[in-house]
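The structure appears below as structure tokens.
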Amino acid sequence: MACVLVVDDEPDIGDVIRRVLERAGFETTVTHSAAAALAAIEVRTPDVIITDIIMPKTNGVDLIKKVRAEHPRVRVIAISGGGSFGPLTYKPDAISTHAFLAAARDAGADDVLTKPFDLSELLAAIRRQLPN
Amino acid sequence: MERVVNSLRVRLISVVLIILAALAPLLYLGVSAIVEAGYAERFVNSVRAYSRLAADELETLDPSDFDRRARALLDSIELSGQAVFAEISDGSRKLHSTIGSPVPTQPMEDDFNFGDHGDQVYYISHTVKRPERTVVLQLGFDETPTLEQIRAAKRQLLIAMAVFAVTSLALATWLSAVIARPMVRLQEAAKRVAGGDVHAPLQMQSSIREIHELNHHLERMRQELVGTNEQLSLEIRERKASDQKRLALERRLLHRERIAAIGTLAGGVAHEFNNIMTPILLYAQLALESTPPDSELSKDLSRVVAAAHRARNLVTRILTFSREMDSPQVGAFSAEVPVAEALALLRAIVPTNIEIVFNAPQQEIRVQGDPSLVQQIVMNLGTNAYQAMRDSGGKLGVSLRLAEPAEGIQQEGGYCVLEVTDSGHGIEPALLAHIFEPFFTTREVGEGTGLGLSVVHGIVESMGGEIVAESQPTRGTTFKVYLPLAEQRVEAVAGV
């Protein structure tokens, strides 16, 4: 059975994703910070990690970089709410969700999902990362 | 001007008058003295010579019958008309002419100078030594003819002097006019310059070197003045234009900043909103899966999911406003193509009482960016226009053309204008300033989100363009979208 690690600082989001994944037959672990996620990976290396980008302390991009360095075979899906942070509307170097998702891809994320996503979109994204 | 000319001419004439007044009496007195002296000398010489001759004759007179002979001599002297008085005295007696000329009772003193004693007779005496005794011959000559001659000469002199004075005055008048003429012209020219007509050259021709040079210098001064003047007015014009540009720019920046602030807010809200929407959507879908289909609960949950999807779409549109676009296409494209595509879509949804007219450009207009954004601009503006005319019907005009250099946008480079005009109810001036703000709408609840125009604003800004709305209530509204031409953008990037 495939094992999925979910990382999101919002408890509701982590919980609902676990419910969806367990129902679909995935073994799921939920953590609410990057540090907890790294600890969980040491306990058991998952097949897929689903991680939020914007999180307190260590953000998703840094988490992806660490995972990529230590566990190159783990597949990673980055998720983030659309939107923007700070006065960025007309500045080309603005830090936006789009920029974060692009940074996540650059850091080695295999796929990105923009919140809110459908149940079916989530499952399809995970299945794309698993062999067969 | 009159006063100065007069004073100049009067001054020149006065100088001549003063010279005349000072010199003429001196000249007159001097010349008349010389003339008078000349006449007097001639008279004196002549009478002396005559009386000498008479004395000589008396000296050699035959002693026999002396008295008779002496009287005859005196007669001849008086008859000759040379003398008016003749007397011979030998101390005891006096002999006079027999003709009977008036004999003065008093013995006459001899005159030393012409005109002495004021008696108009010049007396002269000669002592004649005869062998028997010494006698004195005294003769008196009339001075009147010579006085008359002197008076005539003085009259002539006076006339000559008068003629000289008149001639000098005339000459002075003419000369002063000649000298003053260029000054008058100069003054007229100066008056013109002072009156604002600084472009006419002074053109003060004069053969007088000083005036010629004065004209030369003044003309140079005038040319300098004209140059400075033109430069100053040019600078003033430029200053005014740049002030206007600056004001317009400030207004645009202010507007842009406000929209940007709202966009930032919208973007921040969108992020939180998406996070909240995620569990709502997923829990609803989870619950839906474990609910028997066709049950009331299933229908309700479907409605929750549908509402969540609508909310997601709304946020997507907000994010378009704050430029949250997923990997937009970039590249130059013909602007006409997406405009025509959007109009084809609009024709399908717009009722037949609204006529859609497209004025295609004369030449190909290429812009930089994502064609689908241009399509969205036309769709949103077109929908807006259609909604403004939905009840009344009317005309929806769309045109694409190159912008005039002086038109609207005041940045460097070439621009095209996409104009969308409707003949609908128009927008109140008070509302016009807010139409690009997100969630600003005049429609009834449920008819629109108030995002359409702010989305257009966001797209136009992201393409480096500008959007301007002009509206007359009850007449209709025109949106002008200025987009930079592709070539300009390429050059600008290459220049960085």
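Simple scheme: letters A, B, ... for chains in structure tokens order, numbers from 1 for residues in each chain, numbers from 1 for ligands in the order shown.
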Practice item. Would you list the contacts of A:Ala104 as a ChimeraX atom specification, taking every protein, DNA or RNA residue within 10 Å and counting only C-alpha atoms, but skipping same-chain residues closer than 3 positions in sequence? Key: /A:51-53,60-65,76-79,98-101,107-112
Point to revise | Shell around stretch 147-162 of chain B at 7 Å using only C-alpha atoms, local window under 5 positions removed, as a PyMOL selection string | key: chain B and resi 32+36+39
Selected residues written out with N, CA and C atoms, as an mmCIF file, in the first residue's frame:
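Resulting contents of out_15.cif:
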data_model
loop_
_atom_site.group_PDB
_atom_site.id
_atom_site.type_symbol
_atom_site.label_atom_id
_atom_site.label_comp_id
_atom_site.auth_asym_id
_atom_site.auth_seq_id
_atom_site.Cartn_x
_atom_site.Cartn_y
_atom_site.Cartn_z
ATOM 1 N N SER B 32 31.003 148.514 -39.033
ATOM 2 C CA SER B 32 30.555 149.894 -39.250
ATOM 3 C C SER B 32 31.607 150.896 -38.758
ATOM 4 N N GLU B 36 33.102 153.634 -41.124
ATOM 5 C CA GLU B 36 32.994 155.039 -40.715
ATOM 6 C C GLU B 36 34.370 155.709 -40.721
ATOM 7 N N TYR B 39 35.514 156.360 -44.312
ATOM 8 C CA TYR B 39 34.884 157.555 -44.920
ATOM 9 C C TYR B 39 35.459 158.830 -44.309
#
Practice item. Select from stretch 356-432 of chain B everything DSSP, run on the backbone, classes as strand (DSSP E or B), then give the selection as a list in words. Key: Ile356, Val357, Phe358, Asn359, Arg366, Val367, Gln368, Gly394, Lys395, Leu396, Gly397, Val398, Ser399, Leu400, Arg401, Leu402, Tyr415, Cys416, Val417, Leu418, Glu419, Val420, Thr421 and Asp422 of chain B
Review point. Do you know which residues are at most 6 Å from stretch 138-141 of chain B counting only C-alpha atoms, after dropping those on the same chain fewer than 3 positions away, and could you put them as a VMD selection string?
Key: chain B and resid 83 to 87 121 to 125
Exercise for review: Rank A:Ile49, A:Ala35, A:Met55, A:Leu119 by their smallest atom-to-atom distance to A:Ile17, using only C-alpha atoms, and report the top residue only.
Suggested key: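 Going through A:Ile49, A:Ala35, A:Met55, A:Leu119 one by one, the smallest distance to A:Ile17 is for A:Leu119.
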If you run DSSP over the backbone, which residues in chain A end up alpha helix (DSSP H)? Put them as a JSON list (two decimals) with N, CA and C atoms, in the first residue's frame.
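Resulting contents of out.json:
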[["chain", "number", "residue", "atom", "x", "y", "z"],
["A", 11, "PRO", "N", -4.88, 22.70, 10.26],
["A", 11, "PRO", "CA", -5.31, 21.33, 10.68],
["A", 11, "PRO", "C", -6.46, 20.81, 9.83],
["A", 12, "ASP", "N", -7.39, 21.67, 9.47],
["A", 12, "ASP", "CA", -8.54, 21.23, 8.67],
["A", 12, "ASP", "C", -8.11, 20.63, 7.35],
["A", 13, "ILE", "N", -7.16, 21.30, 6.72],
["A", 13, "ILE", "CA", -6.73, 20.85, 5.39],
["A", 13, "ILE", "C", -6.02, 19.50, 5.50],
["A", 14, "GLY", "N", -5.12, 19.42, 6.51],
["A", 14, "GLY", "CA", -4.43, 18.13, 6.70],
["A", 14, "GLY", "C", -5.44, 17.02, 6.97],
["A", 15, "ASP", "N", -6.41, 17.31, 7.82],
["A", 15, "ASP", "CA", -7.38, 16.30, 8.19],
["A", 15, "ASP", "C", -8.22, 15.86, 7.01],
["A", 16, "VAL", "N", -8.71, 16.79, 6.21],
["A", 16, "VAL", "CA", -9.59, 16.41, 5.11],
["A", 16, "VAL", "C", -8.81, 15.65, 4.05],
["A", 17, "ILE", "N", -7.55, 16.02, 3.85],
["A", 17, "ILE", "CA", -6.75, 15.29, 2.85],
["A", 17, "ILE", "C", -6.52, 13.85, 3.34],
["A", 18, "ARG", "N", -6.25, 13.73, 4.67],
["A", 18, "ARG", "CA", -6.09, 12.35, 5.17],
["A", 18, "ARG", "C", -7.35, 11.54, 4.96],
["A", 19, "ARG", "N", -8.48, 12.16, 5.24],
["A", 19, "ARG", "CA", -9.75, 11.44, 5.07],
["A", 19, "ARG", "C", -9.93, 10.98, 3.63],
["A", 20, "VAL", "N", -9.62, 11.86, 2.72],
["A", 20, "VAL", "CA", -9.78, 11.54, 1.30],
["A", 20, "VAL", "C", -8.84, 10.40, 0.91],
["A", 21, "LEU", "N", -7.56, 10.54, 1.37],
["A", 21, "LEU", "CA", -6.56, 9.56, 0.94],
["A", 21, "LEU", "C", -6.81, 8.18, 1.57],
["A", 22, "GLU", "N", -7.18, 8.20, 2.87],
["A", 22, "GLU", "CA", -7.43, 6.91, 3.51],
["A", 22, "GLU", "C", -8.60, 6.21, 2.86],
["A", 23, "ARG", "N", -9.59, 6.99, 2.52],
["A", 23, "ARG", "CA", -10.75, 6.45, 1.84],
["A", 23, "ARG", "C", -10.38, 5.85, 0.50],
["A", 34, "ALA", "N", 7.19, 21.66, 8.88],
["A", 34, "ALA", "CA", 8.27, 21.04, 8.11],
["A", 34, "ALA", "C", 9.13, 20.17, 9.02],
["A", 35, "ALA", "N", 9.37, 20.67, 10.27],
["A", 35, "ALA", "CA", 10.21, 19.91, 11.19],
["A", 35, "ALA", "C", 9.58, 18.56, 11.52],
["A", 36, "ALA", "N", 8.26, 18.61, 11.80],
["A", 36, "ALA", "CA", 7.55, 17.37, 12.10],
["A", 36, "ALA", "C", 7.57, 16.43, 10.90],
["A", 37, "ALA", "N", 7.49, 17.00, 9.71],
["A", 37, "ALA", "CA", 7.51, 16.20, 8.48],
["A", 37, "ALA", "C", 8.85, 15.50, 8.34],
["A", 38, "LEU", "N", 9.94, 16.24, 8.59],
["A", 38, "LEU", "CA", 11.26, 15.64, 8.45],
["A", 38, "LEU", "C", 11.44, 14.48, 9.46],
["A", 39, "ALA", "N", 10.90, 14.70, 10.67],
["A", 39, "ALA", "CA", 10.98, 13.64, 11.67],
["A", 39, "ALA", "C", 10.19, 12.42, 11.22],
["A", 40, "ALA", "N", 8.99, 12.66, 10.65],
["A", 40, "ALA", "CA", 8.14, 11.57, 10.18],
["A", 40, "ALA", "C", 8.82, 10.79, 9.06],
["A", 41, "ILE", "N", 9.54, 11.51, 8.19],
["A", 41, "ILE", "CA", 10.23, 10.85, 7.09],
["A", 41, "ILE", "C", 11.29, 9.88, 7.64],
["A", 42, "GLU", "N", 11.96, 10.30, 8.73],
["A", 42, "GLU", "CA", 12.99, 9.45, 9.31],
["A", 42, "GLU", "C", 12.37, 8.16, 9.88],
["A", 43, "VAL", "N", 11.15, 8.29, 10.43],
["A", 43, "VAL", "CA", 10.46, 7.11, 10.97],
["A", 43, "VAL", "C", 10.08, 6.16, 9.84],
["A", 60, "GLY", "N", 7.60, 25.44, 2.64],
["A", 60, "GLY", "CA", 7.54, 24.25, 1.82],
["A", 60, "GLY", "C", 8.70, 24.11, 0.86],
["A", 61, "VAL", "N", 9.17, 25.20, 0.34],
["A", 61, "VAL", "CA", 10.24, 25.13, -0.65],
["A", 61, "VAL", "C", 11.52, 24.57, -0.01],
["A", 62, "ASP", "N", 11.81, 25.05, 1.20],
["A", 62, "ASP", "CA", 13.00, 24.54, 1.89],
["A", 62, "ASP", "C", 12.85, 23.06, 2.25],
["A", 63, "LEU", "N", 11.63, 22.70, 2.62],
["A", 63, "LEU", "CA", 11.36, 21.29, 2.92],
["A", 63, "LEU", "C", 11.63, 20.42, 1.69],
["A", 64, "ILE", "N", 11.13, 20.88, 0.55],
["A", 64, "ILE", "CA", 11.32, 20.11, -0.70],
["A", 64, "ILE", "C", 12.82, 19.95, -0.98],
["A", 65, "LYS", "N", 13.58, 21.04, -0.79],
["A", 65, "LYS", "CA", 15.03, 20.97, -1.05],
["A", 65, "LYS", "C", 15.70, 19.90, -0.16],
["A", 66, "LYS", "N", 15.29, 19.87, 1.12],
["A", 66, "LYS", "CA", 15.90, 18.89, 2.04],
["A", 66, "LYS", "C", 15.52, 17.47, 1.65],
["A", 67, "VAL", "N", 14.23, 17.29, 1.32],
["A", 67, "VAL", "CA", 13.76, 15.96, 0.93],
["A", 67, "VAL", "C", 14.49, 15.50, -0.32],
["A", 68, "ARG", "N", 14.61, 16.42, -1.28],
["A", 68, "ARG", "CA", 15.29, 16.08, -2.53],
["A", 68, "ARG", "C", 16.74, 15.64, -2.28],
["A", 69, "ALA", "N", 17.39, 16.35, -1.30],
["A", 69, "ALA", "CA", 18.79, 16.05, -1.04],
["A", 69, "ALA", "C", 18.95, 14.69, -0.36],
["A", 70, "GLU", "N", 18.00, 14.37, 0.55],
["A", 70, "GLU", "CA", 18.19, 13.16, 1.35],
["A", 70, "GLU", "C", 17.43, 11.96, 0.80],
["A", 97, "THR", "N", 1.95, 33.48, -4.94],
["A", 97, "THR", "CA", 1.78, 32.04, -4.90],
["A", 97, "THR", "C", 2.33, 31.41, -6.16],
["A", 98, "HIS", "N", 2.07, 32.13, -7.25],
["A", 98, "HIS", "CA", 2.58, 31.64, -8.52],
["A", 98, "HIS", "C", 4.09, 31.51, -8.46],
["A", 99, "ALA", "N", 4.73, 32.54, -7.88],
["A", 99, "ALA", "CA", 6.18, 32.52, -7.76],
["A", 99, "ALA", "C", 6.62, 31.39, -6.82],
["A", 100, "PHE", "N", 5.83, 31.18, -5.74],
["A", 100, "PHE", "CA", 6.18, 30.10, -4.80],
["A", 100, "PHE", "C", 6.07, 28.73, -5.46],
["A", 101, "LEU", "N", 5.01, 28.59, -6.23],
["A", 101, "LEU", "CA", 4.83, 27.29, -6.90],
["A", 101, "LEU", "C", 5.94, 27.07, -7.91],
["A", 102, "ALA", "N", 6.33, 28.17, -8.58],
["A", 102, "ALA", "CA", 7.43, 28.04, -9.52],
["A", 102, "ALA", "C", 8.71, 27.69, -8.77],
["A", 103, "ALA", "N", 8.89, 28.31, -7.59],
["A", 103, "ALA", "CA", 10.08, 28.02, -6.78],
["A", 103, "ALA", "C", 10.04, 26.56, -6.32],
["A", 104, "ALA", "N", 8.83, 26.07, -5.99],
["A", 104, "ALA", "CA", 8.68, 24.67, -5.57],
["A", 104, "ALA", "C", 9.08, 23.73, -6.69],
["A", 105, "ARG", "N", 8.67, 24.06, -7.91],
["A", 105, "ARG", "CA", 9.07, 23.25, -9.06],
["A", 105, "ARG", "C", 10.59, 23.25, -9.21],
["A", 106, "ASP", "N", 11.16, 24.47, -9.06],
["A", 106, "ASP", "CA", 12.61, 24.60, -9.21],
["A", 106, "ASP", "C", 13.33, 23.78, -8.13],
["A", 107, "ALA", "N", 12.72, 23.75, -6.93],
["A", 107, "ALA", "CA", 13.36, 23.02, -5.82],
["A", 107, "ALA", "C", 13.24, 21.50, -6.01],
["A", 119, "LEU", "N", -11.51, 16.86, -5.03],
["A", 119, "LEU", "CA", -11.12, 15.54, -4.55],
["A", 119, "LEU", "C", -10.50, 14.72, -5.67],
["A", 120, "SER", "N", -11.17, 14.76, -6.81],
["A", 120, "SER", "CA", -10.70, 13.95, -7.94],
["A", 120, "SER", "C", -9.35, 14.47, -8.45],
["A", 121, "GLU", "N", -9.17, 15.79, -8.43],
["A", 121, "GLU", "CA", -7.90, 16.36, -8.89],
["A", 121, "GLU", "C", -6.75, 15.90, -7.99],
["A", 122, "LEU", "N", -7.02, 15.88, -6.66],
["A", 122, "LEU", "CA", -6.00, 15.46, -5.70],
["A", 122, "LEU", "C", -5.59, 14.00, -5.93],
["A", 123, "LEU", "N", -6.60, 13.14, -6.06],
["A", 123, "LEU", "CA", -6.29, 11.72, -6.25],
["A", 123, "LEU", "C", -5.56, 11.49, -7.56],
["A", 124, "ALA", "N", -6.00, 12.19, -8.60],
["A", 124, "ALA", "CA", -5.36, 12.02, -9.91],
["A", 124, "ALA", "C", -3.90, 12.44, -9.83],
["A", 125, "ALA", "N", -3.63, 13.53, -9.10],
["A", 125, "ALA", "CA", -2.26, 14.03, -8.99],
["A", 125, "ALA", "C", -1.38, 13.01, -8.27],
["A", 126, "ILE", "N", -1.93, 12.39, -7.20],
["A", 126, "ILE", "CA", -1.13, 11.40, -6.46],
["A", 126, "ILE", "C", -0.89, 10.16, -7.32],
["A", 127, "ARG", "N", -1.94, 9.72, -8.01],
["A", 127, "ARG", "CA", -1.80, 8.50, -8.82],
["A", 127, "ARG", "C", -0.80, 8.69, -9.94],
["A", 128, "ARG", "N", -0.71, 9.95, -10.45],
["A", 128, "ARG", "CA", 0.28, 10.22, -11.51],
["A", 128, "ARG", "C", 1.70, 9.99, -10.99],
["A", 129, "GLN", "N", 1.90, 10.20, -9.67],
["A", 129, "GLN", "CA", 3.24, 10.09, -9.12],
["A", 129, "GLN", "C", 3.61, 8.64, -8.75]]
Check your understanding: Residues at most 7 Å from B:Gly464, counting only C-alpha atoms, excluding those fewer than 4 positions away in the same chain, as JSON, numbers by chain?
Key -> {"B": [460, 483, 484]}
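For the pair atom CA of B:His199 and atom CA of B:Val184, the interatomic distance is 18.8 Å.
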**Study point:** Of the listed residues B:Gln285, B:Thr316, B:Thr60, B:Ser176, that which approaches B:Ser14 most closely, counting only C-alpha atoms
**Key:**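 Among the listed residues, B:Ser176 lies closest to B:Ser14.
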